file data10.cif (mmCIF, C-alpha atoms)
data_query
loop_
_atom_site.label_atom_id
_atom_site.label_comp_id
_atom_site.auth_asym_id
_atom_site.auth_seq_id
_atom_site.Cartn_x
_atom_site.Cartn_y
_atom_site.Cartn_z
CA MET A 25 0.00 0.00 0.00
CA LEU A 26 1.03 3.54 -0.69
CA PRO A 27 1.76 6.07 2.07
CA SER A 28 0.44 9.41 0.85
CA THR A 29 0.33 12.90 2.27
CA ARG A 30 -3.45 13.08 1.93
CA PRO A 31 -4.83 9.53 2.32
CA LEU A 32 -7.92 8.74 0.31
CA ARG A 33 -10.50 6.33 1.67
CA LEU A 34 -11.33 3.36 -0.56
CA ARG A 35 -14.94 4.51 -0.80
CA SER A 36 -13.79 7.90 -2.15
CA LEU A 37 -11.44 6.23 -4.64
CA LEU A 38 -14.26 3.98 -5.86
CA SER A 39 -16.51 7.00 -6.24
CA LEU A 40 -13.85 8.62 -8.46
CA VAL A 41 -13.44 5.42 -10.52
CA LEU A 42 -17.24 5.16 -10.91
CA ARG A 43 -17.48 8.76 -12.13
CA ALA A 44 -14.47 8.34 -14.42
CA SER A 45 -15.75 5.16 -16.00
CA THR A 46 -19.25 6.49 -16.68
CA MET A 47 -18.28 9.99 -17.88
CA HIS A 48 -15.49 9.32 -20.39
CA ILE A 49 -14.76 7.02 -23.31
CA GLY A 50 -11.38 5.32 -23.57
CA GLY A 51 -8.23 5.42 -21.50
CA VAL A 52 -6.60 8.77 -22.19
CA ALA A 53 -9.55 11.02 -21.35
CA THR A 54 -10.36 8.97 -18.25
CA GLN A 55 -6.77 8.90 -16.99
CA THR A 56 -6.35 12.64 -17.53
CA TRP A 57 -9.49 13.30 -15.50
CA LEU A 58 -8.34 10.97 -12.70
CA ARG A 59 -4.85 12.47 -12.66
CA THR A 60 -6.30 15.87 -11.84
CA ARG A 61 -8.31 14.46 -8.95
CA LEU A 62 -5.57 12.24 -7.53
CA VAL A 63 -2.18 13.80 -8.26
CA ASP A 64 -3.13 17.48 -8.32
CA ALA A 65 -5.20 16.96 -5.17
CA GLY A 66 -2.19 15.42 -3.39
CA HIS A 67 -3.57 11.89 -2.94
CA LEU A 68 -1.02 10.25 -5.23
CA ARG A 69 2.55 11.08 -6.29
CA THR A 70 3.22 11.74 -9.98
CA ASP A 71 5.70 8.84 -10.17
CA ASP A 72 3.12 6.43 -8.79
CA PHE A 73 0.45 7.66 -11.20
CA ASN A 74 2.93 7.20 -14.08
CA ARG A 75 3.73 3.69 -12.84
CA CYS A 76 0.02 2.81 -12.91
CA PHE A 77 -0.19 4.30 -16.40
CA ALA A 78 2.76 2.19 -17.59
CA VAL A 79 1.29 -0.94 -16.04
CA GLY A 80 -1.95 -0.23 -17.89
CA ARG A 81 -0.05 -0.07 -21.17
CA LEU A 82 2.00 -3.22 -20.48
CA THR A 83 -0.78 -5.46 -19.18
CA PRO A 84 -2.55 -7.62 -21.78
CA GLY A 85 -6.16 -6.67 -22.38
CA THR A 86 -7.88 -3.38 -21.77
CA ASN A 87 -5.46 -0.63 -20.68
CA LEU A 88 -8.02 1.20 -18.60
CA LEU A 89 -9.08 -1.79 -16.48
CA ALA A 90 -5.44 -2.68 -15.77
CA PHE A 91 -4.84 0.95 -14.83
CA TYR A 92 -7.78 0.87 -12.37
CA THR A 93 -6.43 -2.38 -10.89
CA ALA A 94 -2.94 -0.97 -10.43
CA LEU A 95 -4.33 2.23 -8.95
CA GLY A 96 -6.52 0.34 -6.49
CA HIS A 97 -3.63 -1.90 -5.49
CA LEU A 98 -1.26 1.01 -4.90
CA MET A 99 -3.76 2.98 -2.84
CA SER A 100 -5.70 0.27 -0.99
CA GLY A 101 -3.98 -3.09 -1.48
CA MET A 102 -5.57 -6.22 -2.96
CA ARG A 103 -9.06 -5.24 -1.76
CA GLY A 104 -8.70 -1.91 -3.54
CA ALA A 105 -7.47 -3.58 -6.74
CA VAL A 106 -10.44 -5.93 -6.95
CA ALA A 107 -12.91 -3.20 -5.98
CA CYS A 108 -11.58 -0.67 -8.52
CA LEU A 109 -11.51 -3.32 -11.27
CA SER A 110 -15.08 -4.37 -10.45
CA VAL A 111 -16.47 -0.83 -10.42
CA GLY A 112 -14.53 0.18 -13.53
CA ALA A 113 -15.80 -2.85 -15.46
CA VAL A 114 -19.35 -3.31 -14.21
CA ALA A 115 -20.64 0.27 -14.39
CA PRO A 116 -20.00 0.80 -18.13
CA THR A 117 -21.05 -2.79 -18.81
CA LEU A 118 -24.53 -2.03 -17.48
CA ILE A 119 -24.76 0.91 -19.88
CA ALA A 120 -23.50 -1.22 -22.79
CA VAL A 121 -25.98 -4.01 -22.05
CA SER A 122 -28.84 -1.49 -21.79
CA LEU A 123 -27.92 0.01 -25.18
CA THR A 124 -27.60 -3.48 -26.70
CA VAL A 125 -31.00 -4.57 -25.40
CA LEU A 126 -32.53 -1.38 -26.81
CA TYR A 127 -30.85 -2.08 -30.15
CA VAL A 128 -32.07 -5.69 -30.24
CA GLN A 129 -35.62 -4.63 -29.29
CA PHE A 130 -35.92 -1.83 -31.80
CA SER A 131 -33.54 -2.78 -34.64
CA ALA A 132 -36.53 -3.70 -36.84
CA VAL A 133 -37.88 -0.15 -36.60
CA THR A 134 -36.90 1.70 -39.79
CA GLY A 135 -35.62 4.81 -38.02
CA VAL A 136 -33.48 2.80 -35.61
CA SER A 137 -31.98 0.66 -38.38
CA ARG A 138 -31.10 3.83 -40.34
CA LEU A 139 -29.59 5.36 -37.21
CA MET A 140 -27.48 2.25 -36.62
CA ALA A 141 -26.48 2.04 -40.30
CA GLY A 142 -25.08 5.58 -40.13
CA ALA A 143 -23.45 4.90 -36.76
CA GLN A 144 -21.80 1.73 -38.09
CA ALA A 145 -20.33 3.61 -41.07
CA GLY A 146 -18.93 6.20 -38.65
CA ALA A 147 -17.63 3.53 -36.26
CA VAL A 148 -15.77 1.67 -39.03
CA ALA A 149 -14.16 4.93 -40.14
CA ILE A 150 -13.00 5.64 -36.59
CA LEU A 151 -11.69 2.08 -36.26
CA PHE A 152 -9.68 2.50 -39.46
CA TRP A 153 -8.16 5.78 -38.29
CA THR A 154 -7.32 4.63 -34.76
CA SER A 155 -5.70 1.41 -36.08
CA ALA A 156 -3.64 3.26 -38.67
CA LYS A 157 -2.57 5.88 -36.12
CA LEU A 158 -1.66 3.23 -33.55
CA LEU A 159 0.38 1.36 -36.15
CA VAL A 160 2.28 4.46 -37.25
CA THR A 161 2.98 5.84 -33.78
CA THR A 162 4.06 2.49 -32.31
CA THR A 163 6.25 1.64 -35.28
CA ALA A 164 7.84 5.08 -35.16
CA GLU A 165 9.03 4.45 -31.57
CA ARG A 166 11.57 1.94 -32.96
CA LEU A 167 11.38 2.57 -36.69
CA ARG A 168 13.47 -0.13 -38.39
CA PRO A 169 12.67 -3.13 -36.19
CA GLY A 170 9.10 -1.85 -35.85
CA ALA A 171 8.71 -1.70 -39.62
CA LEU A 172 10.14 -5.21 -39.90
CA VAL A 173 7.63 -6.56 -37.38
CA ALA A 174 4.81 -4.76 -39.23
CA LEU A 175 5.97 -6.19 -42.55
CA GLY A 176 6.24 -9.64 -41.03
CA ALA A 177 2.70 -9.33 -39.66
CA LEU A 178 1.44 -8.22 -43.08
CA VAL A 179 3.04 -11.22 -44.78
CA ALA A 180 1.63 -13.51 -42.08
CA VAL A 181 -1.87 -12.08 -42.62
CA TRP A 182 -1.57 -12.66 -46.37
CA SER A 183 -0.39 -16.22 -45.76
CA GLY A 184 -3.54 -16.92 -43.75
CA LEU A 185 -2.01 -17.66 -40.35
CA PRO A 186 -4.47 -17.42 -37.41
CA PRO A 187 -4.38 -14.01 -35.65
CA VAL A 188 -3.36 -15.56 -32.32
CA VAL A 189 -0.29 -17.17 -33.91
CA ILE A 190 0.65 -13.87 -35.58
CA LEU A 191 0.27 -11.96 -32.29
CA LEU A 192 2.34 -14.46 -30.29
CA ALA A 193 5.07 -14.43 -32.95
CA ALA A 194 5.06 -10.62 -32.88
CA ALA A 195 5.38 -10.69 -29.09
CA ALA A 196 8.40 -13.00 -29.30
CA ALA A 197 10.02 -10.85 -32.00
CA GLY A 198 9.21 -7.68 -30.09
CA ALA A 199 10.80 -8.98 -26.88
CA PHE A 200 14.09 -9.34 -28.78
CA VAL A 201 14.17 -6.34 -31.11
CA LEU A 202 11.73 -3.75 -29.74
CA GLY A 203 12.63 -3.77 -26.07
CA GLU A 204 15.19 -0.97 -25.84
CA GLN A 205 14.21 2.21 -24.09
CA THR A 206 13.12 4.99 -26.44
CA MET B 4 -22.90 -21.41 -27.86
CA ASN B 5 -21.54 -22.66 -24.54
CA VAL B 6 -20.86 -19.64 -22.33
CA LEU B 7 -17.63 -21.08 -20.90
CA LEU B 8 -16.28 -21.61 -24.42
CA LEU B 9 -17.36 -18.09 -25.34
CA TYR B 10 -15.49 -16.76 -22.29
CA VAL B 11 -12.34 -18.70 -23.27
CA LEU B 12 -12.51 -17.41 -26.87
CA LEU B 13 -13.05 -13.81 -25.76
CA LEU B 14 -10.29 -14.17 -23.14
CA GLN B 15 -7.98 -15.42 -25.88
CA ALA B 16 -8.79 -12.22 -27.77
CA THR B 17 -8.18 -9.90 -24.80
CA VAL B 18 -5.03 -11.63 -23.52
CA THR B 19 -3.41 -11.23 -26.94
CA SER B 20 -4.30 -7.55 -27.25
CA PHE B 21 -2.77 -4.48 -25.66
CA SER B 22 -5.37 -1.85 -26.45
CA GLY B 23 -9.14 -1.76 -26.73
CA LEU B 24 -9.89 -2.65 -30.33
CA THR B 25 -6.84 -4.77 -31.14
CA SER B 26 -8.78 -7.79 -29.86
CA LEU B 27 -11.03 -7.41 -32.91
CA PRO B 28 -9.12 -9.66 -35.37
CA VAL B 29 -9.24 -12.65 -33.01
CA VAL B 30 -12.94 -12.05 -32.24
CA HIS B 31 -13.73 -11.81 -35.96
CA ASP B 32 -11.68 -14.90 -36.79
CA GLU B 33 -13.09 -17.10 -34.01
CA LEU B 34 -16.75 -16.01 -33.85
CA VAL B 35 -17.54 -14.84 -37.39
CA VAL B 36 -15.23 -16.84 -39.67
CA ARG B 37 -14.59 -20.14 -37.84
CA ARG B 38 -17.74 -20.71 -35.77
CA GLY B 39 -20.35 -18.56 -37.52
CA VAL B 40 -22.08 -17.56 -34.26
CA LEU B 41 -21.79 -13.83 -35.02
CA THR B 42 -22.36 -11.89 -38.25
CA ASP B 43 -20.32 -9.01 -39.64
CA GLU B 44 -23.40 -6.82 -39.20
CA GLN B 45 -23.65 -7.72 -35.49
CA LEU B 46 -19.94 -7.09 -35.04
CA ASN B 47 -20.34 -3.68 -36.69
CA ALA B 48 -23.30 -2.92 -34.41
CA ALA B 49 -21.23 -4.00 -31.38
CA LEU B 50 -18.44 -1.63 -32.44
CA ALA B 51 -20.90 1.24 -32.86
CA ILE B 52 -22.49 0.56 -29.46
CA GLY B 53 -19.05 0.14 -27.85
CA GLN B 54 -17.89 3.46 -29.23
CA THR B 55 -20.90 5.30 -27.86
CA THR B 56 -20.64 3.76 -24.37
CA PRO B 57 -18.53 5.36 -21.63
CA GLY B 58 -15.71 3.24 -20.22
CA PRO B 59 -13.01 1.08 -21.80
CA VAL B 60 -12.86 1.04 -25.62
CA GLY B 61 -12.86 -2.78 -25.57
CA LEU B 62 -16.38 -2.75 -24.14
CA TYR B 63 -17.74 -3.87 -27.51
CA LEU B 64 -16.95 -7.40 -26.27
CA VAL B 65 -19.89 -7.15 -23.85
CA THR B 66 -22.23 -6.51 -26.78
CA VAL B 67 -20.57 -9.29 -28.78
CA GLY B 68 -21.17 -11.64 -25.83
CA TYR B 69 -24.82 -10.54 -25.63
CA PHE B 70 -25.36 -11.16 -29.34
CA VAL B 71 -23.88 -14.67 -29.08
CA ALA B 72 -25.41 -15.87 -25.80
CA GLY B 73 -27.68 -13.21 -24.26
CA VAL B 74 -27.07 -11.89 -20.74
CA PRO B 75 -24.76 -14.82 -19.77
CA GLY B 76 -22.75 -13.99 -22.89
CA ALA B 77 -22.50 -10.35 -21.82
CA VAL B 78 -21.22 -11.55 -18.43
CA ALA B 79 -18.65 -13.72 -20.26
CA GLY B 80 -17.65 -10.63 -22.22
CA VAL B 81 -17.05 -8.44 -19.19
CA LEU B 82 -15.20 -11.25 -17.38
CA ALA B 83 -12.95 -11.71 -20.42
CA LEU B 84 -12.25 -7.98 -20.31
CA ALA B 85 -11.56 -7.92 -16.58
CA THR B 86 -9.52 -11.12 -16.13
CA PRO B 87 -6.26 -9.99 -17.80
CA ALA B 88 -6.34 -6.76 -15.76
CA LEU B 89 -5.39 -8.80 -12.67
CA LEU B 90 -1.96 -9.28 -14.26
CA ALA B 91 -1.40 -5.60 -13.45
CA ILE B 92 -0.66 -6.53 -9.83
CA PRO B 93 2.50 -8.62 -10.48
CA LEU B 94 3.51 -6.14 -13.19
CA LEU B 95 3.49 -3.34 -10.59
CA GLY B 96 6.16 -5.29 -8.73
CA ALA B 97 8.14 -5.91 -11.93
CA LEU B 98 8.14 -2.18 -12.72
CA ARG B 99 9.44 -1.48 -9.23
CA VAL B 100 12.39 -3.78 -9.94
CA GLY B 101 12.86 -2.04 -13.29
CA ARG B 102 13.34 -5.03 -15.63
CA THR B 103 10.62 -4.26 -18.12
CA GLU B 104 12.46 -3.90 -21.44
CA SER B 105 11.52 -7.33 -22.77
CA VAL B 106 7.92 -7.00 -21.60
CA ALA B 107 7.68 -3.55 -23.19
CA GLY B 108 9.19 -4.90 -26.41
CA ALA B 109 6.76 -7.81 -26.51
CA ALA B 110 3.85 -5.45 -25.89
CA ARG B 111 5.09 -3.14 -28.64
CA GLY B 112 5.38 -6.08 -31.07
CA ILE B 113 1.85 -7.18 -30.29
CA VAL B 114 0.46 -3.66 -30.76
CA ILE B 115 2.14 -3.38 -34.19
CA ALA B 116 0.91 -6.81 -35.35
CA ALA B 117 -2.56 -6.20 -33.91
CA SER B 118 -2.79 -2.87 -35.73
CA VAL B 119 -1.97 -4.59 -39.02
CA LEU B 120 -4.55 -7.29 -38.27
CA THR B 121 -7.17 -4.72 -37.23
CA LEU B 122 -6.68 -2.75 -40.44
CA GLY B 123 -7.26 -5.97 -42.40
CA THR B 124 -10.39 -6.73 -40.36
CA THR B 125 -11.62 -3.17 -40.88
CA PHE B 126 -11.66 -3.64 -44.64
CA GLY B 127 -13.74 -6.80 -44.18
CA LEU B 128 -16.20 -5.04 -41.84
CA ALA B 129 -16.46 -2.08 -44.20
CA GLU B 130 -18.05 -4.34 -46.83
CA SER B 131 -21.17 -4.66 -44.67
CA ALA B 132 -20.99 -1.27 -42.89
CA VAL B 133 -20.33 0.79 -46.01
CA PRO B 134 -22.24 -0.96 -48.84
CA ASP B 135 -23.33 2.16 -50.79
CA VAL B 136 -22.19 5.64 -51.78
CA THR B 137 -24.25 7.42 -49.11
CA ARG B 138 -22.67 5.45 -46.26
CA ALA B 139 -19.25 5.82 -47.90
CA VAL B 140 -19.71 9.59 -47.74
CA ILE B 141 -20.69 9.34 -44.05
CA ALA B 142 -17.61 7.18 -43.37
CA VAL B 143 -15.24 9.51 -45.22
CA ILE B 144 -16.57 12.56 -43.36
CA ALA B 145 -16.28 10.69 -40.03
CA LEU B 146 -12.72 9.69 -40.93
CA ALA B 147 -11.79 13.27 -41.81
CA VAL B 148 -13.31 14.67 -38.62
CA THR B 149 -11.57 12.01 -36.51
CA ALA B 150 -8.22 12.73 -38.15
CA ALA B 151 -8.46 16.52 -38.08
CA THR B 152 -10.09 17.23 -34.72
CA GLN B 153 -10.04 16.17 -31.08
CA ILE B 154 -13.79 15.54 -31.03
CA SER B 155 -14.69 12.47 -28.96
CA PRO B 156 -15.59 9.37 -31.04
CA ILE B 157 -18.92 9.19 -29.19
CA TRP B 158 -20.09 12.42 -30.84
CA ILE B 159 -18.78 11.41 -34.26
CA VAL B 160 -20.67 8.09 -34.09
CA VAL B 161 -23.81 9.83 -32.80
CA VAL B 162 -23.71 12.43 -35.59
CA ALA B 163 -23.03 9.69 -38.17
CA GLY B 164 -26.10 7.87 -36.82
CA ILE B 165 -28.23 11.01 -37.11
CA ALA B 166 -26.91 11.50 -40.66
CA GLY B 167 -27.96 7.92 -41.44
CA LEU B 168 -31.42 8.61 -40.00
CA VAL B 169 -31.80 11.66 -42.24
CA VAL B 170 -30.30 10.55 -45.54
CA LEU B 171 -30.61 6.74 -45.74
#
call {"tool": "encode", "arguments": {"input": "data10.cif", "output": "C-alpha cells"}}
result
Amino acid sequence: MLPSTRPLRLRSLLSLVLRASTMHIGGVATQTWLRTRLVDAGHLRTDDFNRCFAVGRLTPGTNLLAFYTALGHLMSGMRGAVACLSVGAVAPTLIAVSLTVLYVQFSAVTGVSRLMAGAQAGAVAILFWTSAKLLVTTTAERLRPGALVALGALVAVWSGLPPVVILLAAAAAGAFVLGEQT
Amino acid sequence: MNVLLLYVLLLQATVTSFSGLTSLPVVHDELVVRRGVLTDEQLNAALAIGQTTPGPVGLYLVTVGYFVAGVPGAVAGVLALATPALLAIPLLGALRVGRTESVAGAARGIVIAASVLTLGTTFGLAESAVPDVTRAVIAVIALAVTAATQISPIWIVVVAGIAGLVVL
C-alpha cells in the first residue's frame, strides 16, 4: 500500500473510478481526469500515477481496467485492486448491455436501423483511423525493427495464419528487437 | 454457444491484445469466420455501441457476448475484459524492480501486429458497414473529422447515426 500525504478512503477512490468510467470514453480522457483528482489533489505522487499508467499499457487486455487495478492496489492493497476493477468494469457494462437490449428490441424499426447504419459507417471509419494511427505511432518508436515486425505481420496475414499465432510471434520478436528504451 | 467456451474465446482475444480494439481480429476470426455464431453486421453494431458507451474502448466485447449468448454472454464478455487486468498486480512489482524492457518490447510487437490485423479486419467489416455511396460519404466525413479534430468518437458516431437517419 502507498503512504500518501493526503490519504484517500477506498470509498472515495471507488466513487472517483465510478465517475471516471461512466463519464469518459477510452483510456486517455479517463486517466487525464483521474490524474487531476488524484495527483493534483495530493492523494497520489506523480511517479506512482505514471507507474500505474505504464502498467496499464504493459498489461494484456484493456489498458483502462489494468490501470484501475494498479491504482486500487497502490492505494488500498488487494481489496482496492479488486474493488476498482469491479467498479470500472461493471458500471459501463450495465450501460453497454442497456444500449444493446434497446438495439435488439428496436432494430426492426426503420428509423433505428437507419440510425445504426449511419453509426456503423462512422464507427468503421474511426476504427480504421485509430488502427492506422496506432500502427504508425508504435512503429515510429523503434522505426526499423518496428517496420520489420509490421511487414512480417502483413506477410503472415496474407499467408492466412491465425491471428493468435501472428500476435504471439510478434510478441516474441518484439521482446528481442523492440525492447530498448526509447 | 456454450458460455464457458465463449469466455475462453473472448479471453484469448483480450489476452493477446494491448489496447481496446486490437482484440477485434481474433474475435472476428473465431466467432464470425470459424464458428459462424456472429455476423459481420452484429460485429459492426457491437463496435458502434461500444464506441458510444462510456468506459473502456474494448467494451464492444460485452455486446458481442450478448449477441452470441444473451445476458450470460454479456457476463462472459465483461469477465474476459476484466480477467487480464489482474496481471497488473504482479507487473506493478516488476516495474518497481525495473526489468521491463523485454515486456515492453513484446507489448510493442503485439500492438504493431494487432494494428496490421485490425486494419485488415476493418476492410472486411467495411463491406457490410459501407455498402453504398451514401454510407461511404458518411464514413469519409467521419474519418476526416476524426483525423483533423479532437472531437470524442462518441459524438462522431452519434452524428453519423443522425446522418444515417436523415439521408438513408
call {"tool": "closest_residue", "arguments": {"input": "data10.cif", "among": "B:Pro57, B:Val40, B:Ala79, B:Phe126", "to": "chain A", "atoms": "all atoms listed in the file"}}
result
B:Pro57
call {"tool": "atom_distance", "arguments": {"input": "data10.cif", "atom1": "CA of Val41 (chain A)", "atom2": "CA of Ala107 (chain A)"}}
result
9.8 Å
call {"tool": "residues_around", "arguments": {"input": "data10.cif", "residues": "Leu24 (chain B)", "least_positions_apart": "6", "cutoff": "9 Å", "atoms": "only C-alpha atoms", "output": "PyMOL selection string"}}
result
(chain A and resi 86+151+154-155) or (chain B and resi 50+60-63+117-118+121)
call {"tool": "atom_distance", "arguments": {"input": "data10.cif", "atom1": "CA of Leu109 (chain A)", "atom2": "CA of Ser105 (chain B)"}}
result
26.1 Å
call {"tool": "closest_residue", "arguments": {"input": "data10.cif", "among": "B:Thr124, B:Asn5, B:Thr19, B:Thr25", "to": "Leu159 (chain A)", "atoms": "only C-alpha atoms"}}
result
B:Thr25
call {"tool": "closest_residue", "arguments": {"input": "data10.cif", "among": "B:Leu122, B:Gly68, B:Ile165, B:Phe21", "to": "Ala107 (chain B)", "atoms": "only C-alpha atoms"}}
result
B:Phe21
call {"tool": "atom_distance", "arguments": {"input": "data10.cif", "atom1": "CA of Tyr92 (chain A)", "atom2": "CA of Cys108 (chain A)"}}
result
5.6 Å
call {"tool": "resolve_selection", "arguments": {"input": "data10.cif", "expression": "the PyMOL selection byres ((chain B and resi 83-90) around 9)", "output": "PyMOL selection string"}}
result
(chain A and resi 80+83-94+105-106+109-110+113) or (chain B and resi 10-18+61-62+64-65+78-82+91-95)
call {"tool": "resolve_selection", "arguments": {"input": "data10.cif", "expression": "the PyMOL selection byres ((chain A and resi 183-192) around 7)", "output": "JSON, numbers by chain"}}
result
{"A": [177, 179, 180, 181, 182, 193, 194, 195, 196], "B": [19, 28, 29, 113, 116, 117]}
call {"tool": "closest_residue", "arguments": {"input": "data10.cif", "among": "A:Arg33, A:Arg75, A:Arg168, A:Arg103", "to": "chain B", "atoms": "only C-alpha atoms"}}
result
A:Arg75
call {"tool": "closest_residue", "arguments": {"input": "data10.cif", "among": "A:Ser100, A:Asn74, A:Gln129, A:Thr163", "to": "chain B", "atoms": "all atoms listed in the file"}}
result
A:Thr163
call {"tool": "closest_residue", "arguments": {"input": "data10.cif", "among": "B:Phe70, B:Leu8, B:Thr152, B:Trp158", "to": "Asp43 (chain B)", "atoms": "all atoms listed in the file"}}
result
B:Phe70
call {"tool": "resolve_selection", "arguments": {"input": "data10.cif", "expression": "the PyMOL selection byres ((chain B and resi 133) around 12)", "output": "NGL selection string"}}
result
(:A and (140-149)) or (:B and (43-44 or 47 or 125-132 or 134-143 or 167 or 171))
call {"tool": "residues_around", "arguments": {"input": "data10.cif", "residues": "Tyr127 (chain A)", "least_positions_apart": "2", "cutoff": "9 Å", "atoms": "only C-alpha atoms", "output": "NGL selection string"}}
result
(:A and (122-125 or 129-132 or 136-137 or 140)) or (:B and (48 or 52))
call {"tool": "write_last_selection", "arguments": {"input": "data10.cif", "atoms": "C-alpha atoms", "output": "compact mmCIF listing (two decimals), in the coordinates of the input"}}
result
# COMPACT_ATOMS: atom_id res chain seq x y z
CA SER A 122 -28.84 -1.49 -21.79
CA LEU A 123 -27.92 0.01 -25.18
CA THR A 124 -27.60 -3.48 -26.70
CA VAL A 125 -31.00 -4.57 -25.40
CA GLN A 129 -35.62 -4.63 -29.29
CA PHE A 130 -35.92 -1.83 -31.80
CA SER A 131 -33.54 -2.78 -34.64
CA ALA A 132 -36.53 -3.70 -36.84
CA VAL A 136 -33.48 2.80 -35.61
CA SER A 137 -31.98 0.66 -38.38
CA MET A 140 -27.48 2.25 -36.62
CA ALA B 48 -23.30 -2.92 -34.41
CA ILE B 52 -22.49 0.56 -29.46
call {"tool": "residues_around", "arguments": {"input": "data10.cif", "residues": "Val63 (chain A)", "least_positions_apart": "5", "cutoff": "12 Å", "atoms": "all atoms listed in the file", "output": "list of chain:residue names"}}
result
A:Ser28, A:Thr29, A:Arg30, A:Pro31, A:Leu32, A:Gln55, A:Thr56, A:Trp57, A:Leu58, A:Leu68, A:Arg69, A:Thr70, A:Asp71, A:Asp72, A:Phe73, A:Asn74, A:Leu95
call {"tool": "build_atoms", "arguments": {"input": "data10.cif", "residues": "region 184-199 of chain A", "atoms": "N, CA and C atoms", "output": "mmCIF file, in the coordinates of the input"}}
result
data_model
loop_
_atom_site.group_PDB
_atom_site.id
_atom_site.type_symbol
_atom_site.label_atom_id
_atom_site.label_comp_id
_atom_site.auth_asym_id
_atom_site.auth_seq_id
_atom_site.Cartn_x
_atom_site.Cartn_y
_atom_site.Cartn_z
ATOM 1 N N GLY A 184 -2.366 -16.267 -44.352
ATOM 2 C CA GLY A 184 -3.540 -16.920 -43.750
ATOM 3 C C GLY A 184 -3.312 -17.518 -42.382
ATOM 4 N N LEU A 185 -2.242 -17.150 -41.710
ATOM 5 C CA LEU A 185 -2.010 -17.660 -40.350
ATOM 6 C C LEU A 185 -3.091 -17.137 -39.401
ATOM 7 N N PRO A 186 -3.488 -17.910 -38.385
ATOM 8 C CA PRO A 186 -4.470 -17.420 -37.410
ATOM 9 C C PRO A 186 -3.954 -16.198 -36.658
ATOM 10 N N PRO A 187 -4.822 -15.223 -36.347
ATOM 11 C CA PRO A 187 -4.380 -14.010 -35.650
ATOM 12 C C PRO A 187 -3.606 -14.291 -34.358
ATOM 13 N N VAL A 188 -4.041 -15.283 -33.593
ATOM 14 C CA VAL A 188 -3.360 -15.560 -32.320
ATOM 15 C C VAL A 188 -1.903 -15.939 -32.555
ATOM 16 N N VAL A 189 -1.662 -16.747 -33.582
ATOM 17 C CA VAL A 189 -0.290 -17.170 -33.910
ATOM 18 C C VAL A 189 0.550 -15.953 -34.312
ATOM 19 N N ILE A 190 -0.055 -15.076 -35.131
ATOM 20 C CA ILE A 190 0.650 -13.870 -35.580
ATOM 21 C C ILE A 190 1.003 -12.984 -34.382
ATOM 22 N N LEU A 191 0.055 -12.826 -33.457
ATOM 23 C CA LEU A 191 0.270 -11.960 -32.290
ATOM 24 C C LEU A 191 1.359 -12.520 -31.374
ATOM 25 N N LEU A 192 1.330 -13.843 -31.164
ATOM 26 C CA LEU A 192 2.340 -14.460 -30.290
ATOM 27 C C LEU A 192 3.731 -14.364 -30.928
ATOM 28 N N ALA A 193 3.789 -14.548 -32.249
ATOM 29 C CA ALA A 193 5.070 -14.430 -32.950
ATOM 30 C C ALA A 193 5.592 -12.990 -32.854
ATOM 31 N N ALA A 194 4.670 -12.030 -32.986
ATOM 32 C CA ALA A 194 5.060 -10.620 -32.880
ATOM 33 C C ALA A 194 5.557 -10.295 -31.476
ATOM 34 N N ALA A 195 4.940 -10.904 -30.471
ATOM 35 C CA ALA A 195 5.380 -10.690 -29.090
ATOM 36 C C ALA A 195 6.797 -11.210 -28.898
ATOM 37 N N ALA A 196 7.061 -12.410 -29.430
ATOM 38 C CA ALA A 196 8.400 -13.000 -29.300
ATOM 39 C C ALA A 196 9.435 -12.137 -30.022
ATOM 40 N N ALA A 197 9.091 -11.709 -31.238
ATOM 41 C CA ALA A 197 10.020 -10.850 -32.000
ATOM 42 C C ALA A 197 10.228 -9.528 -31.281
ATOM 43 N N GLY A 198 9.126 -8.964 -30.772
ATOM 44 C CA GLY A 198 9.210 -7.680 -30.090
ATOM 45 C C GLY A 198 10.075 -7.731 -28.848
ATOM 46 N N ALA A 199 10.001 -8.839 -28.101
ATOM 47 C CA ALA A 199 10.800 -8.980 -26.880
ATOM 48 C C ALA A 199 12.296 -8.895 -27.196
#
